[in-house]
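Peer 1: Dumping the structure here so I can ask a few things about it.
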Amino acid sequence: MRILIAALSGAIVLFLWSFVAHTMLPIGEMGIKQPANEDVVLQAVNTGLPTPGIYLLPSMDMSKWGDEAAMKAYVEKSKGSQFAFVVLAPSVGDPTDMTQNLIKQFVNVFLASVIAAWLLAATNWGFGARVIGATAMGIFAWLAVVVPMWNWYRFPTDFMIGGLIEHGVGWLLAGVVIAWWIRRKQPRRY
């Protein structure tokens with residue numbers, strides 16, 4: 001029960017920090033740009049991208065990666081073109097209704113907080129070390145998820161920095177609450 005309460009507390013802090021980072025601070029918008037002519041882009045997306053999924057542009061059929069001529073043509077085409085990573089999702093109806101997204105996000109941060117609280121409770125660390133441990137978990141998540149997106153899919157550097165701020169500060173704050181709650185009642189060690 002101690003771990004679940006610590007996790008719930010951490011999840012609430014993470015959820016609130018995410019709200020602040022995305023609505024009151026510019027962290028959630030770092031690296032996101034508006035198209036110069038959105039109607040033209042949307043028309044191209046509607047006609048050129050057949051189904052929901054992830055598209056890399058310029059693209060090449062993976063089955064042709066062994067074909068030397070196709071690879072050479074792809075390299076030449078890529079040299080004269082910008083790179084695009086496009087996530088095409090089906091229409092969601094009202095894009096301003098974020099109820100389902102918020103519920104999924106809270107469940108997500110709660111599950112992450114359960115793992116963090118469980119791991120931190122399993123240590124003999126003091127309060128400060130547990131806070132550092134939680135912060136390290138946030139930085140680990142950033143290194144494991146956000147940095148590869150920057151490396152392989154060329155996400156903007158400011159997007160990557162925003163991710164570091166969001167994950168680092170979020171897990172630092174959650175770590176304070178989780179470590180405080182876990183410390184309240186240390187189980188007897190025999």
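Labels used: A, B, ... for chains in the order of the structure tokens, numbers from 1 for residues in each chain, and numbers from 1 for ligands as shown.
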Can you pull out every residue within 12 Å of Phe85 in chain A, counting only C-alpha atoms, but drop anything in the same chain fewer than 4 positions away, and send it as a PyMOL selection string?

Peer 2: chain A and resi 53-59+149-150+152-156

Peer 1: Name the residues of range 30-147 of chain A that come out as strand (DSSP E) in a backbone DSSP run; write them as a PDB file with all heavy atoms, in the first residue's frame.

Peer 2:
ATOM      1  N   GLY A  53      -0.377   5.862 -40.325  1.00  0.00           N
ATOM      2  CA  GLY A  53       0.904   5.216 -40.067  1.00  0.00           C
ATOM      3  C   GLY A  53       2.008   6.242 -39.963  1.00  0.00           C
ATOM      4  O   GLY A  53       1.754   7.441 -39.897  1.00  0.00           O
ATOM      5  N   ILE A  54       3.229   5.774 -39.969  1.00  0.00           N
ATOM      6  CA  ILE A  54       4.401   6.646 -39.924  1.00  0.00           C
ATOM      7  C   ILE A  54       5.044   6.623 -41.299  1.00  0.00           C
ATOM      8  O   ILE A  54       5.297   5.560 -41.870  1.00  0.00           O
ATOM      9  CB  ILE A  54       5.401   6.190 -38.855  1.00  0.00           C
ATOM     10  CG1 ILE A  54       4.754   6.303 -37.470  1.00  0.00           C
ATOM     11  CG2 ILE A  54       6.682   7.013 -38.918  1.00  0.00           C
ATOM     12  CD1 ILE A  54       5.588   5.752 -36.347  1.00  0.00           C
ATOM     13  N   TYR A  55       5.306   7.803 -41.811  1.00  0.00           N
ATOM     14  CA  TYR A  55       5.913   7.951 -43.132  1.00  0.00           C
ATOM     15  C   TYR A  55       7.227   8.707 -42.995  1.00  0.00           C
ATOM     16  O   TYR A  55       7.298   9.715 -42.290  1.00  0.00           O
ATOM     17  CB  TYR A  55       4.974   8.712 -44.074  1.00  0.00           C
ATOM     18  CG  TYR A  55       3.704   7.971 -44.384  1.00  0.00           C
ATOM     19  CD1 TYR A  55       2.593   8.086 -43.556  1.00  0.00           C
ATOM     20  CD2 TYR A  55       3.622   7.140 -45.499  1.00  0.00           C
ATOM     21  CE1 TYR A  55       1.419   7.399 -43.834  1.00  0.00           C
ATOM     22  CE2 TYR A  55       2.452   6.450 -45.781  1.00  0.00           C
ATOM     23  CZ  TYR A  55       1.356   6.579 -44.940  1.00  0.00           C
ATOM     24  OH  TYR A  55       0.204   5.891 -45.228  1.00  0.00           O
ATOM     25  N   LEU A  56       8.248   8.214 -43.667  1.00  0.00           N
ATOM     26  CA  LEU A  56       9.529   8.895 -43.760  1.00  0.00           C
ATOM     27  C   LEU A  56       9.677   9.362 -45.195  1.00  0.00           C
ATOM     28  O   LEU A  56       9.563   8.567 -46.124  1.00  0.00           O
ATOM     29  CB  LEU A  56      10.678   7.959 -43.388  1.00  0.00           C
ATOM     30  CG  LEU A  56      10.588   7.301 -42.004  1.00  0.00           C
ATOM     31  CD1 LEU A  56      11.737   6.328 -41.808  1.00  0.00           C
ATOM     32  CD2 LEU A  56      10.583   8.336 -40.908  1.00  0.00           C
ATOM     33  N   LEU A  57       9.913  10.650 -45.372  1.00  0.00           N
ATOM     34  CA  LEU A  57      10.030  11.217 -46.715  1.00  0.00           C
ATOM     35  C   LEU A  57      11.360  11.936 -46.868  1.00  0.00           C
ATOM     36  O   LEU A  57      11.719  12.718 -45.995  1.00  0.00           O
ATOM     37  CB  LEU A  57       8.880  12.202 -46.967  1.00  0.00           C
ATOM     38  CG  LEU A  57       7.473  11.623 -46.795  1.00  0.00           C
ATOM     39  CD1 LEU A  57       6.451  12.732 -46.785  1.00  0.00           C
ATOM     40  CD2 LEU A  57       7.179  10.612 -47.872  1.00  0.00           C
ATOM     41  N   ALA A  84      11.303  14.394 -43.900  1.00  0.00           N
ATOM     42  CA  ALA A  84      10.069  14.560 -43.129  1.00  0.00           C
ATOM     43  C   ALA A  84       9.722  13.262 -42.423  1.00  0.00           C
ATOM     44  O   ALA A  84       9.804  12.177 -43.009  1.00  0.00           O
ATOM     45  CB  ALA A  84       8.916  14.969 -44.039  1.00  0.00           C
ATOM     46  N   PHE A  85       9.364  13.380 -41.174  1.00  0.00           N
ATOM     47  CA  PHE A  85       8.856  12.276 -40.356  1.00  0.00           C
ATOM     48  C   PHE A  85       7.400  12.632 -40.112  1.00  0.00           C
ATOM     49  O   PHE A  85       7.096  13.595 -39.407  1.00  0.00           O
ATOM     50  CB  PHE A  85       9.632  12.208 -39.041  1.00  0.00           C
ATOM     51  CG  PHE A  85       9.182  11.121 -38.103  1.00  0.00           C
ATOM     52  CD1 PHE A  85       9.828   9.898 -38.094  1.00  0.00           C
ATOM     53  CD2 PHE A  85       8.145  11.326 -37.197  1.00  0.00           C
ATOM     54  CE1 PHE A  85       9.441   8.895 -37.209  1.00  0.00           C
ATOM     55  CE2 PHE A  85       7.750  10.339 -36.320  1.00  0.00           C
ATOM     56  CZ  PHE A  85       8.402   9.119 -36.326  1.00  0.00           C
ATOM     57  N   VAL A  86       6.489  11.885 -40.707  1.00  0.00           N
ATOM     58  CA  VAL A  86       5.072  12.226 -40.659  1.00  0.00           C
ATOM     59  C   VAL A  86       4.311  11.124 -39.930  1.00  0.00           C
ATOM     60  O   VAL A  86       4.422   9.953 -40.292  1.00  0.00           O
ATOM     61  CB  VAL A  86       4.494  12.395 -42.092  1.00  0.00           C
ATOM     62  CG1 VAL A  86       3.014  12.725 -42.031  1.00  0.00           C
ATOM     63  CG2 VAL A  86       5.271  13.438 -42.868  1.00  0.00           C
ATOM     64  N   VAL A  87       3.575  11.500 -38.916  1.00  0.00           N
ATOM     65  CA  VAL A  87       2.684  10.563 -38.229  1.00  0.00           C
ATOM     66  C   VAL A  87       1.277  10.902 -38.700  1.00  0.00           C
ATOM     67  O   VAL A  87       0.770  11.990 -38.438  1.00  0.00           O
ATOM     68  CB  VAL A  87       2.771  10.687 -36.702  1.00  0.00           C
ATOM     69  CG1 VAL A  87       1.781   9.738 -36.037  1.00  0.00           C
ATOM     70  CG2 VAL A  87       4.188  10.421 -36.228  1.00  0.00           C
ATOM     71  N   LEU A  88       0.680   9.988 -39.428  1.00  0.00           N
ATOM     72  CA  LEU A  88      -0.669  10.200 -39.941  1.00  0.00           C
ATOM     73  C   LEU A  88      -1.630   9.368 -39.101  1.00  0.00           C
ATOM     74  O   LEU A  88      -1.507   8.150 -39.022  1.00  0.00           O
ATOM     75  CB  LEU A  88      -0.750   9.789 -41.411  1.00  0.00           C
ATOM     76  CG  LEU A  88      -2.089  10.010 -42.091  1.00  0.00           C
ATOM     77  CD1 LEU A  88      -2.423  11.493 -42.143  1.00  0.00           C
ATOM     78  CD2 LEU A  88      -2.083   9.424 -43.484  1.00  0.00           C
TER      79      LEU A  88
END

Peer 1: Would you list, as an NGL selection string, the residues of range 19-184 of chain A that end up in alpha helix (DSSP H) under DSSP run on this structure's backbone?

Peer 2: :A and (19 or 38-48 or 68-79 or 99-121 or 127-141 or 147-153 or 157-184)

Peer 1: A:Pro148, A:Gly175, A:Pro35, A:Gly170: which is nearest Leu16 in chain A, counting only C-alpha atoms?

Peer 2: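 Using only C-alpha atoms, the shortest distance to Leu16 in chain A belongs to A:Gly170.
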
Peer 1: Which residue out of A:Arg2, A:His22, A:Arg183, A:Lys64 has the minimum interatomic distance to Phe127 in chain A when only C-alpha atoms are used?

Peer 2: A:Arg183

Peer 1: Kindly give the distance, in Å, that separates CA of Thr47 in chain A and CA of Met71 in chain A, rounded to a single decimal.

Peer 2: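 Distance reported for this atom pair: 25.6 Å.
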
Peer 1: Given the choices A:Ser91, A:Asn108, A:Ser81, A:Thr135, which gets closest to Leu172 in chain A if the distance is worked out from only C-alpha atoms?

Peer 2: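 Looking only at the distances to Leu172 in chain A, the closest residue turns out to be A:Thr135.
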
Peer 1: Give me the residues within 10 Å of Ala21 in chain A as a short mmCIF file (atom, residue, chain, number, x, y, z; two decimals) with N, CA and C atoms, in the first residue's frame, counting only C-alpha atoms and dropping any in the same chain fewer than 4 places off.

Peer 2:
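The resulting part.cif:
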data_model
loop_
_atom_site.label_atom_id
_atom_site.label_comp_id
_atom_site.auth_asym_id
_atom_site.auth_seq_id
_atom_site.Cartn_x
_atom_site.Cartn_y
_atom_site.Cartn_z
N PHE A 15 1.71 14.44 -13.59
CA PHE A 15 0.59 14.88 -14.41
C PHE A 15 0.46 16.41 -14.35
N LEU A 16 0.55 16.96 -13.14
CA LEU A 16 0.45 18.42 -12.99
C LEU A 16 1.64 19.13 -13.63
N TRP A 17 2.84 18.57 -13.46
CA TRP A 17 4.02 19.16 -14.09
C TRP A 17 3.86 19.15 -15.61
N LEU A 25 4.09 26.89 -19.89
CA LEU A 25 5.48 27.13 -20.30
C LEU A 25 5.61 26.71 -21.77
N PRO A 26 6.61 27.20 -22.46
CA PRO A 26 6.76 26.83 -23.87
C PRO A 26 7.44 25.48 -24.10
N ILE A 27 7.65 24.70 -23.05
CA ILE A 27 8.39 23.44 -23.17
C ILE A 27 7.69 22.47 -24.12
N GLY A 28 6.37 22.35 -24.02
CA GLY A 28 5.62 21.42 -24.85
C GLY A 28 5.58 21.80 -26.32
N GLU A 29 5.94 23.02 -26.63
CA GLU A 29 5.91 23.48 -28.02
C GLU A 29 7.30 23.56 -28.66
N GLY A 162 13.61 20.19 -24.94
CA GLY A 162 12.33 20.27 -24.23
C GLY A 162 11.99 18.96 -23.55
N ILE A 165 14.06 18.67 -20.38
CA ILE A 165 13.51 19.50 -19.32
C ILE A 165 12.26 18.85 -18.74
N GLU A 166 11.36 18.43 -19.62
CA GLU A 166 10.11 17.83 -19.15
C GLU A 166 10.35 16.58 -18.32
N VAL A 169 12.87 17.43 -14.99
CA VAL A 169 12.18 18.16 -13.92
C VAL A 169 11.00 17.35 -13.39
N GLY A 170 10.24 16.72 -14.30
CA GLY A 170 9.08 15.94 -13.87
C GLY A 170 9.46 14.84 -12.90
#
